[in-house]
Amino acid sequence: NMVFNAVHVGFRPVDLSITPDGSKAYVTNFFTSTVSVIDVSNNSITNTVQGVGPGPGFIEVTPDGSKVYIVNPADKSSFPETGSTVSVIDTQTDTLIATVQLESKPIDIAITPDSTEVLVPNYFSNTVSIIDTLANQVIATVNVGTAPLGIAITPDGSKAYVANSISRTVSVINILTNEVKTITINSKTPV
């Protein structure tokens with residue numbers, strides 16, 4: 001295996017997401033609290049977005065390619081406080097357009113296929129925040145299991161599945177009604 005190009009970004013890159021048209025890659029830099037924007041055609045950094053929340057982690061471009069959402073789960077081992085925000089970047093201007101206040105330690109991110117809602121599990125709050133992408137505001141917060149760590153949305157956008165790491169459950173959120181059902185994972189079943 002060969003590395004064709006190395007692109008130097010900020011300190012401790014964590015995650016990246018590529019626009020649907022394949023033109024740009026966005027990289028979160030945990031320790032510098034920045035996002036590097038890479039032009040995929042020539043692998044050069046075209047911008048470094050400052051001012052994102054502390055310790056940016058997972059990042060997703062909306063399916064329509066218009067915005068980038070970044071969870072900021074900063075932990076107390078590296079920052080003075082635990083993160084509680086999502087940063088929003090406009091892909092046309094590659095600038096920070098919003099910071100959305102959530103609950104404690106937003107850890108993962110999923111966006112509905114129609115790009116209208118962003119769902120974020122808050123690890124220390126045992127909740128999922130649902131953000132309206134038009135207003136960039138939280139429109140609902142639902143209770144899930146203990147220490148939600150991962151989230152995925154069904155391809156039709158009707159349900160979100162949340163893995164609750166400590167309670168050993170999966171919460172299923174009906175995105176239309178925000179009702180939650182819980183599936184218990186039997187830990188004694190061999191994998």
# chains A, B, ... in the order shown; residues from 1 in each chain; ligands from 1
>>> residues_around(residues="region 60-71 of chain A", least_positions_apart="5", cutoff="6 Å", atoms="only C-alpha atoms", output="PyMOL selection string")
chain A and resi 17+19-20+86-91+106+115
>>> select_by_dssp(residues="region 1-179 of chain A", states="strand (DSSP E or B)", output="VMD selection string")
chain A and resid 13 to 18 24 to 29 34 to 39 44 to 49 59 to 61 67 to 72 85 to 90 95 to 101 106 110 to 111 117 to 122 127 to 132 137 to 143 148 to 153 159 to 164 169 to 174
>>> residues_around(residues="Val100 (chain A)", least_positions_apart="2", cutoff="9 Å", atoms="only C-alpha atoms", output="VMD selection string")
chain A and resid 84 to 88 98 102 131 136 to 138
>>> residues_around(residues="Ser104 (chain A)", least_positions_apart="2", cutoff="12 Å", atoms="only C-alpha atoms", output="JSON, numbers by chain")
{"A": [71, 72, 73, 74, 75, 76, 81, 82, 83, 84, 85, 86, 101, 102, 106, 107, 120, 121, 122, 123, 124, 125, 126, 127, 128, 129, 147, 148]}
>>> write_last_selection(atoms="N, CA and C atoms", output="PDB file, in the first residue's frame")
ATOM      1  N   VAL A  71     -20.127  17.495  16.167  1.00  0.00           N
ATOM      2  CA  VAL A  71     -20.354  17.403  17.612  1.00  0.00           C
ATOM      3  C   VAL A  71     -19.069  17.791  18.335  1.00  0.00           C
ATOM      4  N   ASN A  72     -19.239  18.462  19.473  1.00  0.00           N
ATOM      5  CA  ASN A  72     -18.104  18.943  20.260  1.00  0.00           C
ATOM      6  C   ASN A  72     -18.144  18.317  21.652  1.00  0.00           C
ATOM      7  N   PRO A  73     -17.597  17.089  21.778  1.00  0.00           N
ATOM      8  CA  PRO A  73     -17.723  16.349  23.040  1.00  0.00           C
ATOM      9  C   PRO A  73     -16.577  16.562  24.022  1.00  0.00           C
ATOM     10  N   ALA A  74     -15.796  17.620  23.868  1.00  0.00           N
ATOM     11  CA  ALA A  74     -14.600  17.836  24.670  1.00  0.00           C
ATOM     12  C   ALA A  74     -14.691  17.221  26.057  1.00  0.00           C
ATOM     13  N   ASP A  75     -13.629  16.572  26.474  1.00  0.00           N
ATOM     14  CA  ASP A  75     -13.637  15.942  27.793  1.00  0.00           C
ATOM     15  C   ASP A  75     -12.728  16.701  28.740  1.00  0.00           C
ATOM     16  N   LYS A  76     -12.937  16.485  30.040  1.00  0.00           N
ATOM     17  CA  LYS A  76     -12.200  17.248  31.055  1.00  0.00           C
ATOM     18  C   LYS A  76     -10.732  16.853  31.160  1.00  0.00           C
ATOM     19  N   GLU A  81     -13.766  22.133  30.351  1.00  0.00           N
ATOM     20  CA  GLU A  81     -15.147  21.714  30.555  1.00  0.00           C
ATOM     21  C   GLU A  81     -15.529  20.638  29.550  1.00  0.00           C
ATOM     22  N   THR A  82     -16.611  19.940  29.856  1.00  0.00           N
ATOM     23  CA  THR A  82     -17.148  18.948  28.931  1.00  0.00           C
ATOM     24  C   THR A  82     -17.955  19.678  27.863  1.00  0.00           C
ATOM     25  N   GLY A  83     -17.807  19.250  26.614  1.00  0.00           N
ATOM     26  CA  GLY A  83     -18.519  19.894  25.517  1.00  0.00           C
ATOM     27  C   GLY A  83     -20.021  19.680  25.588  1.00  0.00           C
ATOM     28  N   SER A  84     -20.773  20.632  24.996  1.00  0.00           N
ATOM     29  CA  SER A  84     -22.235  20.527  24.997  1.00  0.00           C
ATOM     30  C   SER A  84     -22.843  21.219  23.778  1.00  0.00           C
ATOM     31  N   THR A  85     -22.089  21.277  22.676  1.00  0.00           N
ATOM     32  CA  THR A  85     -22.584  21.992  21.500  1.00  0.00           C
ATOM     33  C   THR A  85     -22.366  21.202  20.212  1.00  0.00           C
ATOM     34  N   VAL A  86     -23.086  21.664  19.195  1.00  0.00           N
ATOM     35  CA  VAL A  86     -22.862  21.233  17.816  1.00  0.00           C
ATOM     36  C   VAL A  86     -22.538  22.495  17.033  1.00  0.00           C
ATOM     37  N   GLN A 101     -26.664  24.815  21.208  1.00  0.00           N
ATOM     38  CA  GLN A 101     -26.482  24.330  22.578  1.00  0.00           C
ATOM     39  C   GLN A 101     -27.287  23.055  22.776  1.00  0.00           C
ATOM     40  N   LEU A 102     -26.600  21.991  23.214  1.00  0.00           N
ATOM     41  CA  LEU A 102     -27.271  20.719  23.480  1.00  0.00           C
ATOM     42  C   LEU A 102     -27.122  20.394  24.956  1.00  0.00           C
ATOM     43  N   PRO A 106     -22.171  15.676  23.664  1.00  0.00           N
ATOM     44  CA  PRO A 106     -22.719  15.144  22.419  1.00  0.00           C
ATOM     45  C   PRO A 106     -21.654  14.275  21.766  1.00  0.00           C
ATOM     46  N   ILE A 107     -22.006  13.053  21.394  1.00  0.00           N
ATOM     47  CA  ILE A 107     -20.965  12.081  21.071  1.00  0.00           C
ATOM     48  C   ILE A 107     -21.002  11.558  19.643  1.00  0.00           C
ATOM     49  N   VAL A 120     -28.538  13.892  17.694  1.00  0.00           N
ATOM     50  CA  VAL A 120     -27.268  13.807  18.408  1.00  0.00           C
ATOM     51  C   VAL A 120     -27.475  13.198  19.789  1.00  0.00           C
ATOM     52  N   PRO A 121     -26.857  12.023  20.066  1.00  0.00           N
ATOM     53  CA  PRO A 121     -26.917  11.480  21.423  1.00  0.00           C
ATOM     54  C   PRO A 121     -25.997  12.269  22.359  1.00  0.00           C
ATOM     55  N   ASN A 122     -26.494  12.567  23.559  1.00  0.00           N
ATOM     56  CA  ASN A 122     -25.716  13.270  24.586  1.00  0.00           C
ATOM     57  C   ASN A 122     -25.323  12.241  25.645  1.00  0.00           C
ATOM     58  N   TYR A 123     -24.055  11.857  25.626  1.00  0.00           N
ATOM     59  CA  TYR A 123     -23.549  10.730  26.412  1.00  0.00           C
ATOM     60  C   TYR A 123     -23.822  10.846  27.913  1.00  0.00           C
ATOM     61  N   PHE A 124     -23.523  12.008  28.503  1.00  0.00           N
ATOM     62  CA  PHE A 124     -23.685  12.153  29.952  1.00  0.00           C
ATOM     63  C   PHE A 124     -25.118  12.506  30.365  1.00  0.00           C
ATOM     64  N   SER A 125     -25.966  12.906  29.425  1.00  0.00           N
ATOM     65  CA  SER A 125     -27.330  13.318  29.754  1.00  0.00           C
ATOM     66  C   SER A 125     -28.371  12.234  29.483  1.00  0.00           C
ATOM     67  N   ASN A 126     -27.962  11.140  28.812  1.00  0.00           N
ATOM     68  CA  ASN A 126     -28.885  10.044  28.476  1.00  0.00           C
ATOM     69  C   ASN A 126     -30.060  10.533  27.629  1.00  0.00           C
ATOM     70  N   THR A 127     -29.746  11.420  26.693  1.00  0.00           N
ATOM     71  CA  THR A 127     -30.772  11.992  25.822  1.00  0.00           C
ATOM     72  C   THR A 127     -30.278  12.029  24.379  1.00  0.00           C
ATOM     73  N   VAL A 128     -31.225  12.291  23.473  1.00  0.00           N
ATOM     74  CA  VAL A 128     -30.894  12.594  22.080  1.00  0.00           C
ATOM     75  C   VAL A 128     -31.519  13.945  21.765  1.00  0.00           C
ATOM     76  N   SER A 129     -30.708  14.868  21.252  1.00  0.00           N
ATOM     77  CA  SER A 129     -31.209  16.174  20.824  1.00  0.00           C
ATOM     78  C   SER A 129     -31.544  16.093  19.341  1.00  0.00           C
ATOM     79  N   ALA A 147     -25.928   6.317  28.841  1.00  0.00           N
ATOM     80  CA  ALA A 147     -24.688   6.527  28.065  1.00  0.00           C
ATOM     81  C   ALA A 147     -24.845   6.185  26.582  1.00  0.00           C
ATOM     82  N   PRO A 148     -25.742   6.911  25.893  1.00  0.00           N
ATOM     83  CA  PRO A 148     -25.905   6.673  24.466  1.00  0.00           C
ATOM     84  C   PRO A 148     -24.616   7.016  23.722  1.00  0.00           C
TER      85      PRO A 148
END
>>> residues_around(residues="Ser167 (chain A)", least_positions_apart="2", cutoff="12 Å", atoms="only C-alpha atoms", output="PyMOL selection string")
chain A and resi 123+126+144-149+162-165+169-171+182-187
>>> decode(residues="region 40-126 of chain A", atoms="C-alpha atoms", output="compact mmCIF listing (two decimals), in the first residue's frame")
# COMPACT_ATOMS: atom_id res chain seq x y z
CA VAL A 40 -10.33 16.91 -3.04
CA SER A 41 -9.21 17.72 -6.62
CA ASN A 42 -5.69 18.69 -5.53
CA ASN A 43 -5.59 17.62 -1.85
CA SER A 44 -4.86 21.11 -0.60
CA ILE A 45 -6.31 22.83 2.46
CA THR A 46 -8.48 25.70 1.29
CA ASN A 47 -9.67 26.88 4.70
CA THR A 48 -9.38 26.25 8.42
CA VAL A 49 -12.63 27.05 10.21
CA GLN A 50 -11.97 28.55 13.64
CA GLY A 51 -14.40 28.89 16.52
CA VAL A 52 -15.98 25.44 16.47
CA GLY A 53 -16.79 24.04 19.90
CA PRO A 54 -14.17 22.46 22.15
CA GLY A 55 -12.81 19.08 21.09
CA PRO A 56 -14.70 18.56 17.84
CA GLY A 57 -15.36 14.90 17.14
CA PHE A 58 -17.69 13.30 14.62
CA ILE A 59 -18.70 15.30 11.58
CA GLU A 60 -21.34 14.87 8.87
CA VAL A 61 -22.20 16.78 5.71
CA THR A 62 -25.96 16.96 5.10
CA PRO A 63 -27.15 14.70 2.26
CA ASP A 64 -28.09 17.82 0.27
CA GLY A 65 -24.49 19.07 0.66
CA SER A 66 -25.44 22.47 2.10
CA LYS A 67 -24.16 22.26 5.69
CA VAL A 68 -21.70 20.45 7.91
CA TYR A 69 -22.58 19.45 11.49
CA ILE A 70 -19.87 18.76 14.09
CA VAL A 71 -20.35 17.40 17.61
CA ASN A 72 -18.10 18.94 20.26
CA PRO A 73 -17.72 16.35 23.04
CA ALA A 74 -14.60 17.84 24.67
CA ASP A 75 -13.64 15.94 27.79
CA LYS A 76 -12.20 17.25 31.06
CA SER A 77 -8.91 15.41 30.53
CA SER A 78 -8.08 17.78 27.65
CA PHE A 79 -10.31 20.84 28.17
CA PRO A 80 -11.57 22.88 31.14
CA GLU A 81 -15.15 21.71 30.55
CA THR A 82 -17.15 18.95 28.93
CA GLY A 83 -18.52 19.89 25.52
CA SER A 84 -22.23 20.53 25.00
CA THR A 85 -22.58 21.99 21.50
CA VAL A 86 -22.86 21.23 17.82
CA SER A 87 -21.13 23.55 15.35
CA VAL A 88 -22.62 24.25 11.91
CA ILE A 89 -20.62 25.21 8.81
CA ASP A 90 -22.09 26.51 5.54
CA THR A 91 -20.44 24.60 2.65
CA GLN A 92 -20.78 27.52 0.21
CA THR A 93 -18.70 29.89 2.33
CA ASP A 94 -16.90 27.37 4.58
CA THR A 95 -17.69 29.56 7.56
CA LEU A 96 -19.21 28.80 10.96
CA ILE A 97 -22.87 29.85 10.81
CA ALA A 98 -24.27 28.51 14.09
CA THR A 99 -23.42 26.95 17.43
CA VAL A 100 -26.30 24.90 18.81
CA GLN A 101 -26.48 24.33 22.58
CA LEU A 102 -27.27 20.72 23.48
CA GLU A 103 -26.77 18.68 26.62
CA SER A 104 -23.65 17.11 28.15
CA LYS A 105 -21.09 15.44 25.85
CA PRO A 106 -22.72 15.14 22.42
CA ILE A 107 -20.97 12.08 21.07
CA ASP A 108 -22.29 10.98 17.67
CA ILE A 109 -24.38 12.42 14.85
CA ALA A 110 -26.91 11.31 12.26
CA ILE A 111 -28.79 13.34 9.66
CA THR A 112 -32.14 12.45 8.10
CA PRO A 113 -31.95 11.59 4.38
CA ASP A 114 -33.99 14.71 3.52
CA SER A 115 -31.44 16.90 5.40
CA THR A 116 -34.14 18.45 7.64
CA GLU A 117 -33.10 17.05 11.04
CA VAL A 118 -29.90 16.22 12.86
CA LEU A 119 -30.00 13.76 15.77
CA VAL A 120 -27.27 13.81 18.41
CA PRO A 121 -26.92 11.48 21.42
CA ASN A 122 -25.72 13.27 24.59
CA TYR A 123 -23.55 10.73 26.41
CA PHE A 124 -23.69 12.15 29.95
CA SER A 125 -27.33 13.32 29.75
CA ASN A 126 -28.89 10.04 28.48
